[in-house]
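Asker: Would you mind keeping the following structure in view while I ask a few things?
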Protein chains: 4
Amino acid sequence: MTRDYATPTMDVQNQPDNRKIEIDKVGIKDIQYPIGVLERSGGTQRTVAKVSMFVNLHHKFKGTHMSRFIELLNEHCQDMSTTTIPGLLLEMRKRLEARDAHIEVSFPFFILKRAPASGAEGLMSYDCTIRGFWANEVVLEIEVTVPITALCPCSKAISDQGAHNQRGTVTVQYRQNRFVWIEDIIEIVEAEASCDVYSVLKREDEKFVTEKAYANPMFVEDVARSVAQRLRAHEGIAWFSVEVENQESIHAHNAYAYLERPSENKH
Amino acid sequence: MTRDYATPTMDVQNQPDNRKIEIDKVGIKDIQYPIGVLERSGGTQRTVAKVSMFVNLHHKFKGTHMSRFIELLNEHCQDMSTTTIPGLLLEMRKRLEARDAHIEVSFPFFILKRAPASGAEGLMSYDCTIRGFWANEVVLEIEVTVPITALCPCSKAISDQGAHNQRGTVTVQYRQNRFVWIEDIIEIVEAEASCDVYSVLKREDEKFVTEKAYANPMFVEDVARSVAQRLRAHEGIAWFSVEVENQESIHAHNAYAYLERPSENKH
Amino acid sequence: MTRDYATPTMDVQNQPDNRKIEIDKVGIKDIQYPIGVLERSGGTQRTVAKVSMFVNLHHKFKGTHMSRFIELLNEHCQDMSTTTIPGLLLEMRKRLEARDAHIEVSFPFFILKRAPASGAEGLMSYDCTIRGFWANEVVLEIEVTVPITALCPCSKAISDQGAHNQRGTVTVQYRQNRFVWIEDIIEIVEAEASCDVYSVLKREDEKFVTEKAYANPMFVEDVARSVAQRLRAHEGIAWFSVEVENQESIHAHNAYAYLERPSENKH
Amino acid sequence: MTRDYATPTMDVQNQPDNRKIEIDKVGIKDIQYPIGVLERSGGTQRTVAKVSMFVNLHHKFKGTHMSRFIELLNEHCQDMSTTTIPGLLLEMRKRLEARDAHIEVSFPFFILKRAPASGAEGLMSYDCTIRGFWANEVVLEIEVTVPITALCPCSKAISDQGAHNQRGTVTVQYRQNRFVWIEDIIEIVEAEASCDVYSVLKREDEKFVTEKAYANPMFVEDVARSVAQRLRAHEGIAWFSVEVENQESIHAHNAYAYLERPSENKH
């Protein structure tokens with residue numbers, strides 16, 4: 001449905017609703033659009049995002065104006081960063097005559113990495129989501145998922161040789177006190193695993209990462225705690241959560257750990 | 001990793017951790033297991049679930065005991081209903097020596113429906129999730145997703161003939177004051193759409209559902225509000241959220257509406 | 001749409017089509033239904049399947065009769081094994097007056113496994129698909145996906161300690177000369193990996209599987225070849241394909257190997 | 001694993017294998033990489049792809065050289081079109097010393113569309129895959145998925161008012177006699193549905209698409225046949241398949257139709 005406001009007297013969505021029920025969020029979900037995102041190295045990276053945009057709807061109105069969301073997205077997609085999203089939320093509140101506005105932008109973010117021994121280059125992809133909402137004040141929440149290698153301490157301790165290890169993912173969500181580059185958070189996570197992962201690994205690199213992981217066995221609990229210590233000490237971060245999920249090589253199911261700070265009874 | 005407690009002096013996970021960081025949730029994620037679920041018509045339905053089970057971990061311990069979760073699941077999977085899950089959470093707290101316990105069980109639930117004109121029978125599948133957590137007290141949250149037909153009021157009003165319509169889904173999450181059958185909630189949702197959907201529809205049924213949907217045009221906002229009114233009036237329900245998502249036939253993206261009650265400033 | 005045949009003079013789908021274009025496959029896709037499947041240990045296992053059912057459509061007819069597919073599924077879902085599916089295909093050809101019939105049934109299949117050292121029991125889940133088609137003759141194709149542990153020979157050879165390993169999956173598709181139990185194929189695959197995986201592993205089991213994998217390093221190519229040798233020697237199997245995919249612990253992408261026999265220029 | 005060729009005497013993958021089993025395909029699967037794709041309007045579109053790259057492996061070698069695939073991808077990702085992929089396949093055959101090479105590149109492709117009445121602009125996203133393989137000769141296969149509106153002829157004929165309609169998808173796969181723009185194929189499909197879909201629809205556009213769909217009722221069979229007629233008449237196309245899948249608004253399951261031409265006994 002389009003819900004255009006061109007002729008107010010004929011708009012079904014402008015008709016009154018008598019049930020006195022406000023809608024918390026209404027809008028468009030999962031539209032795929034090309035976007036631009038700022039890079040720490042300077043410039044803008046072109047990538048592809050899934051975007052959802054919502055506003056609240058006052059109890060007296062039957063429906064919102066769906067086409068306005070996409071018109072706004074079309075105007076703003078060239079630069080979807082934590083610096084520009086508050087302005088887009090303000091536009092949404094005006095254009096849709098709403099009190100609250102929400103946006104969610106999910107996209108892969110690419111970083112050039114150099115293999116640890118050979119220096120061979122390759123692009124790594126990190127799934128990110130920026131969530132913004134304006135209800136009284138602007139709140140931005142950034143999420144990034146980082147693939148890692150995790151090697152089991154128990155397996156290493158009890159086995160004569162070797163130790164089971166696996167690909168894991170660490171998903172950090174955070175809210176900022178000040179602007180923080182996504183690249184900084186990725187670097188923090190990659191330093192707090194048994195080892196980080198790479199697209200390109202030559203012979204000497206494979207030896208390096210195998211031995212490094214073996215020297216740094218970590219449970220999902222260890223990874224969660226190590227990352228949490230780093231984020232807790234980061235003065236640019238006001239709130240965070242850490243989620244670690246290992247695709248256990250010896251099971252069909254995954255191991256999982258989660259914590260968030262601050263929360264009611266923890267520090 | 002297994003983290004067995006057989007020989008405490010050798011267990012890596014029983015080793016102390018000095019960082020004073022409690023883990024909010026740790027355990028197993030997404031193990032697929034056959035389960036039994038109670039049916040309103042009497043008896044137990046056999047279906048297949050994805051199960052996740054977590055406990056908290058005191059800051060002084062390095063890791064939890066992963067294999068105990070699956071042993072518990074194996075013992076309890078025959079009956080995973082809101083009546084038995086609190087007992088399983090208690091067992092988890094004992095067996096894993098934890099203060100908090102969490103479980104999430106997601107499964108398709110089958111109900112026999114009769115087509116509205118012909119009475120022809122067919123099974124409909126509804127995706128459900130039961131979430132239980134014990135932190136101070138037991139909280140159970142049930143989620144069910146119901147497919148519906150939604151026909152657009154605006155399209156109907158402005159077009160000479162016809163109206164665009166589409167498959168939608170309504171996802172209700174709720175917490176109970178008393179035991180409530182999932183079947184009751186499904187019936188409530190199916191009554192508050194342009195029309196509900198069926199597996200088997202004969203000729204006369206197709207005429208019935210086409211005309212019924214045309215007579216009951218509803219935006220995502222309308223479906224959300226209608227379902228909310230019914231749940232708000234249901235004395236067995238203490239809290240609920242309603243999420244409606246239409247796979248719009250005229251767009252590649254979806255329309256979406258969400259509300260929850262009670263919440264801070266709404267009733 | 002239902003496309004019922006109750007009143008032939010009024011059926012849109014029985015109207016003629018003049019474009020002289022036969023449809024290779026038409027029908028229903030991805031309906032979720034509970035089914036029964038035969039177990040080698042005797043008896044029938046209850047699980048949940050995604051089912052698709054198609055027939056060909058002669059060029060002179062405008063459309064098929066969709067509701068008949070689901071009626072047939074409802075009648076036959078209690079026993080969906082390679083022994084009963086040919087009968088269902090015959091029914092489809094009759095009931096839909098078609099020359100060709102196709103069915104695809106995808107479901108998780110559960111097997112009780114005992115941990116290798118402790119004997120502790122747990123259920124393992126294996127994703128299976130049975131594809132049947134009747135075009136001239138009945139052809140049945142069975143597919144099963146088996147999770148495994150794969151340890152890298154190169155990493156082991158070049159590193160001072162340890163070796164990267166990961167969860168992998170082996171997907172076998174096969175056509176039978178005679179009835180073959182899915183359990184037999186699963187056992188073949190599980191014997192031809194660095195190690196197989198388990199739901200429950202106690203302390204002594206974790207040591208066992210870690211050391212076994214370390215003693216049996218295998219590239220994706222090795223796993224594919226080892227499984228292929230076993231299947232090629234199996235007189236019950238007329239054709240097979242083997243697909244191995246490792247969730248590499250040192251990369252974000254996967255390693256992959258595939259082969260099928262017989263094929264034009266290989267034996 | 002990296003399988004680098006730096007020191008041949010030490011390479012595990014260069015060791016001999018005695019089982020005389022050739023591997024049909026081995027390589028990397030599902031690496032996410034930014035790519036450039038040619039646009040009919042001139043210039044190159046930046047998007048994000050999932051890429052898989054394989055070669056065959058002669059029976060005498062134990063393993064392939066995984067890192068070379070990614071180095072090649074890094075060199076070629078700026079231009080991944082049907083004009084450049086044959087060159088990349090040739091490079092793969094050389095760099096990996098193989099007889100056969102395969103590549104699969106899946107990406108969203110964006111096209112600016114103007115709403116049919118208002119002319120309002122918005123970007124539409126179409127999922128595409130280019131598959132290339134060199135085994136004796138180069139074969140390129142292009143796949144594109146186009147969302148459409150499909151309105152049911154039977155529902156329209158038997159109902160007093162309205163007709164159920166839904167979002168559908170048409171997936172065309174084709175092999176070229178000569179270069180064919182993806183945009184041309186998308187336009188063909190969009191012309192052969194009840195109606196095509198748009199990102200932005202104003203009031204007057206919603207009326208237009210509703211009425212157009214109502215005037216053009218089509219079963220999945222009709223859409224498949226109409227698209228097939230157009231592709232069969234297209235002298236640039238040597239082979240094609242058409243797959244239509246409707247997310248039926250009156251069911252939880254989908255309707256499906258498929259055909260390919262040429263095939264053994266059809267024209």
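Letters A, B, ... go to the chains of the structure tokens in the order shown; residues in each chain start at 1; ligands are counted from 1 in the same order.
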If we count only C-alpha atoms, what is near D:Lys60 at a cut-off of 7 Å, once residues fewer than 3 positions away on the same chain are taken out, given as number ranges by chain?

Answerer: D: 16-18, 20

Asker: For the residues in the current selection, export all heavy atoms as a CSV table (one decimal), in the first residue's frame.

Answerer:
chain,number,residue,atom,x,y,z
D,16,PRO,N,51.3,-37.3,-3.5
D,16,PRO,CA,50.5,-38.1,-4.3
D,16,PRO,C,49.3,-38.8,-3.6
D,16,PRO,O,49.4,-39.0,-2.4
D,16,PRO,CB,51.5,-39.2,-4.8
D,16,PRO,CG,52.5,-39.3,-3.8
D,16,PRO,CD,52.6,-37.9,-3.2
D,17,ASP,N,48.3,-39.0,-4.3
D,17,ASP,CA,47.1,-39.8,-3.8
D,17,ASP,C,47.0,-41.0,-4.7
D,17,ASP,O,47.0,-40.9,-5.9
D,17,ASP,CB,45.9,-38.9,-3.8
D,17,ASP,CG,44.7,-39.6,-3.1
D,17,ASP,OD1,44.1,-40.5,-3.6
D,17,ASP,OD2,44.5,-39.2,-1.9
D,18,ASN,N,46.8,-42.2,-4.1
D,18,ASN,CA,46.8,-43.4,-4.9
D,18,ASN,C,45.5,-44.0,-5.2
D,18,ASN,O,45.4,-45.1,-5.8
D,18,ASN,CB,47.7,-44.5,-4.1
D,18,ASN,CG,49.1,-44.0,-3.9
D,18,ASN,OD1,49.7,-43.4,-4.7
D,18,ASN,ND2,49.5,-44.2,-2.7
D,20,LYS,N,43.2,-43.0,-7.2
D,20,LYS,CA,42.8,-42.9,-8.6
D,20,LYS,C,41.3,-42.3,-8.7
D,20,LYS,O,40.5,-42.7,-9.5
D,20,LYS,CB,42.8,-44.2,-9.4
D,20,LYS,CG,44.3,-44.6,-9.7
D,20,LYS,CD,44.4,-45.2,-11.0
D,20,LYS,CE,45.7,-45.8,-11.5
D,20,LYS,NZ,46.9,-45.2,-10.9

Asker: Return the neighbours of chain D among the residues of chain C, cut-off 6 Å, counting only C-alpha atoms, as number ranges by chain.

Answerer: C: 12, 23-31, 154, 253-259

Asker: Rounded to one decimal place, report the atom CA of A:Leu231-atom CA of A:Cys195 distance in Å.

Answerer: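 Separating atom CA of A:Leu231 from atom CA of A:Cys195 is a distance of 18.4 Å.
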
Asker: Here is a test: counting only C-alpha atoms, which residue of C:Ala120, C:Thr149, C:Ile142, C:Leu88 is nearest to C:Phe69?

Answerer: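 The shortest atom-to-atom distance to C:Phe69 comes from C:Leu88.
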
Asker: Which of these, D:Ala215, D:Ala115, D:Ile70, D:Ala135, has the shortest distance to D:Ala98 once you count only C-alpha atoms?

Answerer: D:Ala135

Asker: Find the spatial neighbours of stretch 181-191 of chain A, counting only C-alpha atoms, within a cut-off of 10 Å - ignore same-chain residues fewer than 5 positions away - and output them as a VMD selection string.

Answerer: chain A and resid 38 to 41 82 109 to 111 126 128 142 to 149 169 to 174 196 to 197 223 to 224 226 to 228 230 to 231 234 242

Asker: Atoms to include: C-alpha atoms. Write the selected residues as an mmCIF file, in the first residue's frame.

Answerer:
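Written file, selection-v3.cif:
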data_model
loop_
_atom_site.group_PDB
_atom_site.id
_atom_site.type_symbol
_atom_site.label_atom_id
_atom_site.label_comp_id
_atom_site.auth_asym_id
_atom_site.auth_seq_id
_atom_site.Cartn_x
_atom_site.Cartn_y
_atom_site.Cartn_z
ATOM 1 C CA LEU A 38 32.277 6.220 6.303
ATOM 2 C CA GLU A 39 35.633 4.458 6.627
ATOM 3 C CA ARG A 40 38.255 5.194 9.239
ATOM 4 C CA SER A 41 40.892 5.300 6.490
ATOM 5 C CA THR A 82 26.262 7.293 12.895
ATOM 6 C CA PHE A 109 31.526 -3.872 5.893
ATOM 7 C CA PHE A 110 34.834 -4.659 4.192
ATOM 8 C CA ILE A 111 38.284 -4.185 5.651
ATOM 9 C CA TYR A 126 32.035 -8.014 8.788
ATOM 10 C CA CYS A 128 27.150 -4.721 10.813
ATOM 11 C CA ILE A 142 25.853 -0.286 16.586
ATOM 12 C CA GLU A 143 26.290 -4.015 16.133
ATOM 13 C CA VAL A 144 29.174 -5.828 14.483
ATOM 14 C CA THR A 145 29.828 -9.566 14.059
ATOM 15 C CA VAL A 146 33.449 -10.703 13.916
ATOM 16 C CA PRO A 147 34.484 -14.239 12.897
ATOM 17 C CA ILE A 148 37.248 -15.753 15.078
ATOM 18 C CA THR A 149 39.121 -18.972 15.773
ATOM 19 C CA THR A 169 31.522 -15.447 15.913
ATOM 20 C CA VAL A 170 31.614 -12.567 18.357
ATOM 21 C CA THR A 171 28.741 -10.097 18.091
ATOM 22 C CA VAL A 172 29.211 -6.823 19.919
ATOM 23 C CA GLN A 173 26.396 -4.283 20.330
ATOM 24 C CA TYR A 174 27.318 -0.900 21.774
ATOM 25 C CA ASP A 196 41.550 -13.870 14.330
ATOM 26 C CA VAL A 197 40.692 -15.050 10.800
ATOM 27 C CA VAL A 223 36.312 -14.696 24.832
ATOM 28 C CA ALA A 224 33.226 -12.948 26.250
ATOM 29 C CA SER A 226 38.209 -10.665 27.503
ATOM 30 C CA VAL A 227 36.195 -8.600 25.064
ATOM 31 C CA ALA A 228 34.075 -7.248 27.924
ATOM 32 C CA ARG A 230 38.352 -4.124 26.799
ATOM 33 C CA LEU A 231 34.965 -2.534 26.134
ATOM 34 C CA HIS A 234 36.821 2.082 26.551
ATOM 35 C CA VAL A 242 28.981 -9.356 23.886
#

Asker: As a count of residues only, please: the residues near A:Leu201 (cut-off 7 Å, only C-alpha atoms, same-chain neighbours under 2 positions excluded).

Answerer: 8

Asker: Once DSSP has gone over the backbone, tell me which residues of stretch 166-261 of chain D are in strand (DSSP E or B), as JSON, numbers by chain.

Answerer: {"D": [166, 167, 168, 169, 170, 171, 172, 173, 174, 175, 176, 195, 196, 237, 238, 239, 240, 241, 242, 243, 244, 245, 246, 254, 255, 256, 257, 258, 259, 260, 261]}

Asker: Generate a file of the selected residues that holds C-alpha atoms, formatted as a short mmCIF file (atom, residue, chain, number, x, y, z; two decimals), in the first residue's frame.

Answerer:
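Contents of out_23.cif, freshly written:
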data_model
loop_
_atom_site.label_atom_id
_atom_site.label_comp_id
_atom_site.auth_asym_id
_atom_site.auth_seq_id
_atom_site.Cartn_x
_atom_site.Cartn_y
_atom_site.Cartn_z
CA GLN D 166 0.06 -12.24 -4.03
CA ARG D 167 3.70 -11.49 -4.41
CA GLY D 168 5.39 -13.99 -6.67
CA THR D 169 8.93 -14.45 -7.94
CA VAL D 170 10.02 -15.42 -11.43
CA THR D 171 13.51 -16.90 -11.70
CA VAL D 172 14.94 -17.11 -15.20
CA GLN D 173 18.16 -18.96 -15.99
CA TYR D 174 19.60 -18.57 -19.48
CA ARG D 175 22.57 -19.20 -21.75
CA GLN D 176 23.41 -16.68 -24.42
CA CYS D 195 1.70 -6.58 -12.87
CA ASP D 196 5.28 -5.73 -11.98
CA ILE D 237 19.09 -16.92 -25.98
CA ALA D 238 20.22 -20.51 -26.60
CA TRP D 239 18.68 -22.21 -23.55
CA PHE D 240 16.48 -21.04 -20.69
CA SER D 241 14.46 -22.19 -17.70
CA VAL D 242 11.59 -20.33 -16.04
CA GLU D 243 10.55 -20.92 -12.44
CA VAL D 244 7.52 -19.15 -10.95
CA GLU D 245 6.73 -19.28 -7.25
CA ASN D 246 3.70 -17.51 -5.70
CA ASN D 254 3.48 -21.66 -2.28
CA ALA D 255 2.32 -22.46 -5.81
CA TYR D 256 5.07 -23.38 -8.25
CA ALA D 257 5.65 -23.90 -11.97
CA TYR D 258 8.80 -24.75 -13.91
CA LEU D 259 9.82 -25.39 -17.49
CA GLU D 260 13.04 -25.36 -19.50
CA ARG D 261 13.74 -25.17 -23.24
#

Asker: Can you tell me, as a ChimeraX atom specification, which residues in stretch 37-256 of chain C count as helix (DSSP H, G or I) by DSSP?

Answerer: /C:66-76,85-95,153-158,182-191,203-215,220-232

Asker: Need to verify the contact set: C:Glu137, 10 Å, only C-alpha atoms, exclusion of same-chain residues closer than 3 positions in sequence. Can you return it as a PyMOL selection string?

Answerer: chain C and resi 86+100+133-134+140

Asker: Given the selection you just returned, output its residues as a file containing all heavy atoms, formatted as a PDB file, in the first residue's frame.

Answerer:
ATOM      1  N   PRO C  86       6.914 -44.581  -4.218  1.00  0.00           N
ATOM      2  CA  PRO C  86       6.471 -44.932  -5.577  1.00  0.00           C
ATOM      3  C   PRO C  86       4.950 -45.056  -5.674  1.00  0.00           C
ATOM      4  O   PRO C  86       4.347 -44.599  -6.657  1.00  0.00           O
ATOM      5  CB  PRO C  86       7.164 -46.277  -5.834  1.00  0.00           C
ATOM      6  CG  PRO C  86       8.415 -46.196  -5.028  1.00  0.00           C
ATOM      7  CD  PRO C  86       8.015 -45.483  -3.774  1.00  0.00           C
ATOM      8  N   ASP C 100       3.908 -37.308 -15.695  1.00  0.00           N
ATOM      9  CA  ASP C 100       5.052 -37.267 -14.789  1.00  0.00           C
ATOM     10  C   ASP C 100       4.607 -36.793 -13.409  1.00  0.00           C
ATOM     11  O   ASP C 100       3.731 -35.936 -13.290  1.00  0.00           O
ATOM     12  CB  ASP C 100       6.119 -36.270 -15.279  1.00  0.00           C
ATOM     13  CG  ASP C 100       6.542 -36.491 -16.722  1.00  0.00           C
ATOM     14  OD1 ASP C 100       6.460 -37.637 -17.199  1.00  0.00           O
ATOM     15  OD2 ASP C 100       6.930 -35.504 -17.382  1.00  0.00           O
ATOM     16  N   PHE C 133      10.648 -39.294  -8.556  1.00  0.00           N
ATOM     17  CA  PHE C 133       9.965 -38.841  -9.757  1.00  0.00           C
ATOM     18  C   PHE C 133       9.645 -40.009 -10.678  1.00  0.00           C
ATOM     19  O   PHE C 133      10.378 -40.983 -10.762  1.00  0.00           O
ATOM     20  CB  PHE C 133      10.700 -37.720 -10.498  1.00  0.00           C
ATOM     21  CG  PHE C 133      12.174 -37.862 -10.677  1.00  0.00           C
ATOM     22  CD1 PHE C 133      12.717 -38.186 -11.906  1.00  0.00           C
ATOM     23  CD2 PHE C 133      13.033 -37.619  -9.609  1.00  0.00           C
ATOM     24  CE1 PHE C 133      14.090 -38.285 -12.071  1.00  0.00           C
ATOM     25  CE2 PHE C 133      14.412 -37.716  -9.765  1.00  0.00           C
ATOM     26  CZ  PHE C 133      14.944 -38.040 -11.000  1.00  0.00           C
ATOM     27  N   TRP C 134       8.512 -39.884 -11.274  1.00  0.00           N
ATOM     28  CA  TRP C 134       8.002 -40.900 -12.189  1.00  0.00           C
ATOM     29  C   TRP C 134       7.873 -40.232 -13.549  1.00  0.00           C
ATOM     30  O   TRP C 134       6.950 -39.464 -13.770  1.00  0.00           O
ATOM     31  CB  TRP C 134       6.639 -41.389 -11.722  1.00  0.00           C
ATOM     32  CG  TRP C 134       6.216 -42.642 -12.438  1.00  0.00           C
ATOM     33  CD1 TRP C 134       6.265 -42.917 -13.775  1.00  0.00           C
ATOM     34  CD2 TRP C 134       5.647 -43.797 -11.813  1.00  0.00           C
ATOM     35  NE1 TRP C 134       5.769 -44.159 -14.027  1.00  0.00           N
ATOM     36  CE2 TRP C 134       5.381 -44.737 -12.853  1.00  0.00           C
ATOM     37  CE3 TRP C 134       5.334 -44.142 -10.494  1.00  0.00           C
ATOM     38  CZ2 TRP C 134       4.811 -45.990 -12.589  1.00  0.00           C
ATOM     39  CZ3 TRP C 134       4.766 -45.386 -10.246  1.00  0.00           C
ATOM     40  CH2 TRP C 134       4.518 -46.299 -11.293  1.00  0.00           C
ATOM     41  N   LEU C 140      14.195 -42.892  -7.546  1.00  0.00           N
ATOM     42  CA  LEU C 140      14.259 -42.343  -6.182  1.00  0.00           C
ATOM     43  C   LEU C 140      15.677 -41.881  -5.911  1.00  0.00           C
ATOM     44  O   LEU C 140      16.641 -42.584  -6.233  1.00  0.00           O
ATOM     45  CB  LEU C 140      13.896 -43.414  -5.153  1.00  0.00           C
ATOM     46  CG  LEU C 140      12.442 -43.831  -5.085  1.00  0.00           C
ATOM     47  CD1 LEU C 140      12.286 -44.993  -4.118  1.00  0.00           C
ATOM     48  CD2 LEU C 140      11.573 -42.665  -4.635  1.00  0.00           C
TER      49      LEU C 140
END
